[in-house]
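S.K.: Provided herewith is a single structure, encoded as structure tokens, for subsequent inquiry.
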Amino acid sequence: MERREGASRRPAAPRERRGEPAPGQPGEPLSTAEAPAAAAAAALPAWMRLYFYGMHGITLDVLVSSLRRFARSPDLRMLGFSSPYRCLLHSLTHFALEKVYLQGRLCPSAFVFNFLLYPSAHVGLQTLASQALLLGVGGRPGGAGALDLALQYVLALYHGQVFLKRFLCLQYQGRQPQPQPQSQQPRRRRGSSPAVLPSGVQAPAAAVTGDRQQGPVSRLDAGVGPPSQGLPDVLRFLFFGMHGFLDEIFFTFFFNVLGQGDGASSGHTSLWSFLMYGSCSFVVEKLYFHLHYSRGWGTWKRLPIYVIFIYTWEFSWGLGLRTCGACSWDYSHYPLNFMGLITLMYLPGWIFLSVYQDLLSNVLWRVQYVPTN
């Protein structure tokens with residue numbers, strides 16, 4: 001993607017001639033403010049792709065194991081299983097399969113690659129990873145059955161034809177424009193449109209009218225706020241739901257290891273957790289947008305709001321699921337619990353996750369979905 005600054009030094013590229021769309025949104029030329037941001041966008045860093053691949057792999061583990069368990073013995077709790085070991089293996093195998101997928105352009109037949117070569121590589125790597133995992137936890141490796149191979153083939157088609165096609169459209173804006181000195185910033189006229197934050201959050205009125213500030217100045221006014229675009233809300237919800245699976249699998253795994261001391265090799269969660277964590281984190285992020293960038297509240301001032309909302313959300317979901325016999329947790333044996341649905345014993349964990357989500361939100365603001373043909 002070419003920078004606009006070079007337009008004065010060399011002839012414009014054919015795409016930039018009059019009547020043709022410039023690089024950016026179809027049919028729309030890049031504005032002066034959008035051009036540097038578009039030029040800085042690039043593929044997701046390797047560490048971020050590994051993080052996403054591990055989280056996505058755990059989600060598939062939970063989904064498949066939950067459906068298998070439900071088919072054998074219907075249980076509305078919809079419990080699923082995975083482990084940190086599998087998370088690491090998913091990260092590495094998905095990363096390797098990404099390299100295989102990108103070689104598809106070299107294959108003369110798209111059909112052969114999409115339905116034979118790539119699925120074969122996917123099934124082979126996943127089988128080797130499963131055998132390595134069994135050896136690592138002291139199990140006895142064995143051959144995969146026909147049903148398992150068929151399932152792996154279906155997952156390979158999903159991975160190549162659905163997931164990677166969309167995941168590789170994500171771009172990371174690693175650099176943001178540096179803020180200009182106050183003397184060089186253009187003065188806005190009274191009544192001009194307010195600055196737009198993610199999801200429609202607006203900056204304080206005094207910050208965008210050009211008048212002298214009458215109150216606290218937010219970080220956005222100083223030029224260090226988040227970009228106005230990022231992942232669509234649907235993708236953010238999916239990310240937070242999958243991250244909820246990741247959190248619960250890691251927490252229950254280490255809780256089982258430390259609490260039982262029996263060498264437990266897996267953690268568990270529930271399919272309901274996807275909806276519960278996805279919706280809760282989505283709302284908490286909106287609170288972060290508003291409290292931090294519009295009101296200028298610091299971390300320790302925001303945390304009580306986060307914690308009150310999280311406990312209210314957990315209690316509401318638990319009460320609703322319990323009436324249907326689908327609640328997967330019970331804190332009745334813990335001190336400082338209320339109706340067995342919430343407990344203050346987990347307060348440090350919720351505080352940690354609240355602060356960590358603010359960090360995740362800062363990263364997600366720099367990730368954009370750019371669909372390609």
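Every chain in the structure tokens has a letter given in the order shown (A, B, ...), and although residue numbers restart at 1 in each chain, ligands are simply numbered from 1 in the order shown.
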Leaving out stretch 65-75 of chain A and any residue of its chain fewer than 5 positions from it, which residues lie within 9 Å of it when counting only C-alpha atoms, given as a PDB file with N, CA, C and O atoms, in the first residue's frame?
M.R.:
ATOM      1  N   LEU A  60     -12.440 -25.107  20.270  1.00  0.00           N
ATOM      2  CA  LEU A  60     -12.852 -26.309  19.550  1.00  0.00           C
ATOM      3  C   LEU A  60     -12.827 -27.532  20.462  1.00  0.00           C
ATOM      4  O   LEU A  60     -13.715 -28.391  20.386  1.00  0.00           O
ATOM      5  N   GLY A  80     -17.332 -29.043  29.002  1.00  0.00           N
ATOM      6  CA  GLY A  80     -16.313 -29.388  28.025  1.00  0.00           C
ATOM      7  C   GLY A  80     -14.941 -29.316  28.662  1.00  0.00           C
ATOM      8  O   GLY A  80     -14.765 -28.707  29.722  1.00  0.00           O
ATOM      9  N   PHE A  81     -13.929 -29.908  27.997  1.00  0.00           N
ATOM     10  CA  PHE A  81     -12.622 -30.070  28.623  1.00  0.00           C
ATOM     11  C   PHE A  81     -11.489 -29.702  27.657  1.00  0.00           C
ATOM     12  O   PHE A  81     -11.604 -29.870  26.444  1.00  0.00           O
ATOM     13  N   SER A  82     -10.413 -29.209  28.227  1.00  0.00           N
ATOM     14  CA  SER A  82      -9.172 -28.963  27.511  1.00  0.00           C
ATOM     15  C   SER A  82      -8.088 -28.755  28.566  1.00  0.00           C
ATOM     16  O   SER A  82      -8.316 -29.026  29.750  1.00  0.00           O
ATOM     17  N   SER A 270     -17.962 -24.665  30.692  1.00  0.00           N
ATOM     18  CA  SER A 270     -19.295 -24.967  30.176  1.00  0.00           C
ATOM     19  C   SER A 270     -19.546 -24.139  28.924  1.00  0.00           C
ATOM     20  O   SER A 270     -19.032 -23.020  28.788  1.00  0.00           O
ATOM     21  N   LEU A 271     -20.337 -24.693  28.008  1.00  0.00           N
ATOM     22  CA  LEU A 271     -20.674 -23.917  26.816  1.00  0.00           C
ATOM     23  C   LEU A 271     -21.410 -22.639  27.176  1.00  0.00           C
ATOM     24  O   LEU A 271     -21.339 -21.647  26.457  1.00  0.00           O
ATOM     25  N   GLY A 325     -31.427 -26.240  35.814  1.00  0.00           N
ATOM     26  CA  GLY A 325     -30.525 -27.349  36.076  1.00  0.00           C
ATOM     27  C   GLY A 325     -29.287 -27.325  35.215  1.00  0.00           C
ATOM     28  O   GLY A 325     -28.693 -28.381  34.935  1.00  0.00           O
ATOM     29  N   ALA A 326     -28.862 -26.123  34.783  1.00  0.00           N
ATOM     30  CA  ALA A 326     -27.723 -26.006  33.878  1.00  0.00           C
ATOM     31  C   ALA A 326     -26.550 -25.261  34.486  1.00  0.00           C
ATOM     32  O   ALA A 326     -25.568 -24.993  33.781  1.00  0.00           O
TER      33      ALA A 326
END
S.K.: Just want the 7 Å neighbourhood of A:Ala42, counted on only C-alpha atoms, with same-chain residues fewer than 6 positions away dropped. Output as number ranges by chain.
M.R.: A: 171-173
S.K.: Atoms to include: N, CA and C atoms. Write the selected residues as an mmCIF file, in the first residue's frame.
M.R.:
data_model
loop_
_atom_site.group_PDB
_atom_site.id
_atom_site.type_symbol
_atom_site.label_atom_id
_atom_site.label_comp_id
_atom_site.auth_asym_id
_atom_site.auth_seq_id
_atom_site.Cartn_x
_atom_site.Cartn_y
_atom_site.Cartn_z
ATOM 1 N N GLN A 171 -5.606 -7.231 10.546
ATOM 2 C CA GLN A 171 -4.387 -6.434 10.439
ATOM 3 C C GLN A 171 -4.156 -5.696 11.750
ATOM 4 N N TYR A 172 -2.896 -5.504 12.053
ATOM 5 C CA TYR A 172 -2.508 -4.871 13.313
ATOM 6 C C TYR A 172 -1.866 -3.524 13.031
ATOM 7 N N GLN A 173 -2.421 -2.487 13.624
ATOM 8 C CA GLN A 173 -1.874 -1.136 13.475
ATOM 9 C C GLN A 173 -0.913 -0.888 14.621
#
S.K.: Name the residues in contact with A:Phe237 at a cut-off of 7 Å, using only C-alpha atoms, excluding same-chain residues fewer than 5 positions from it; report them as a list in words.
M.R.: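 Near neighbours after the sequence-gap exclusion: Gly278, Ser279 and Phe282 of chain A.
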S.K.: Which residues in stretch 230-318 of chain A does DSSP call helix (DSSP H, G or I)? List them as a ChimeraX atom specification.
M.R.: /A:233-260,271-294,299-318
S.K.: Return as a ChimeraX atom specification the full set of residues in stretch 249-348 of chain A whose backbone-based DSSP assignment is strand (DSSP E or B).
M.R.: /A:267-270,337-338,342-343
S.K.: How would the residues just picked look written out with N, CA and C atoms as a compact mmCIF listing (two decimals), in the first residue's frame?
M.R.:
# COMPACT_ATOMS: atom_id res chain seq x y z
N GLY A 267 -8.62 -29.15 32.40
CA GLY A 267 -9.53 -28.25 33.07
C GLY A 267 -10.89 -28.35 32.40
N HIS A 268 -11.89 -27.73 32.97
CA HIS A 268 -13.23 -27.84 32.42
C HIS A 268 -13.91 -26.47 32.41
N THR A 269 -14.90 -26.36 31.57
CA THR A 269 -15.74 -25.17 31.51
C THR A 269 -17.10 -25.62 30.96
N SER A 270 -17.96 -24.66 30.69
CA SER A 270 -19.30 -24.97 30.18
C SER A 270 -19.55 -24.14 28.92
N ASN A 337 -19.85 -16.78 50.70
CA ASN A 337 -20.62 -16.99 49.48
C ASN A 337 -22.06 -16.53 49.68
N PHE A 338 -22.76 -16.27 48.59
CA PHE A 338 -24.17 -15.90 48.64
C PHE A 338 -24.95 -16.83 47.73
N ILE A 342 -22.08 -16.81 44.10
CA ILE A 342 -20.94 -15.89 44.08
C ILE A 342 -20.22 -16.02 45.41
N THR A 343 -18.94 -15.71 45.41
CA THR A 343 -18.14 -15.75 46.62
C THR A 343 -17.05 -14.70 46.56
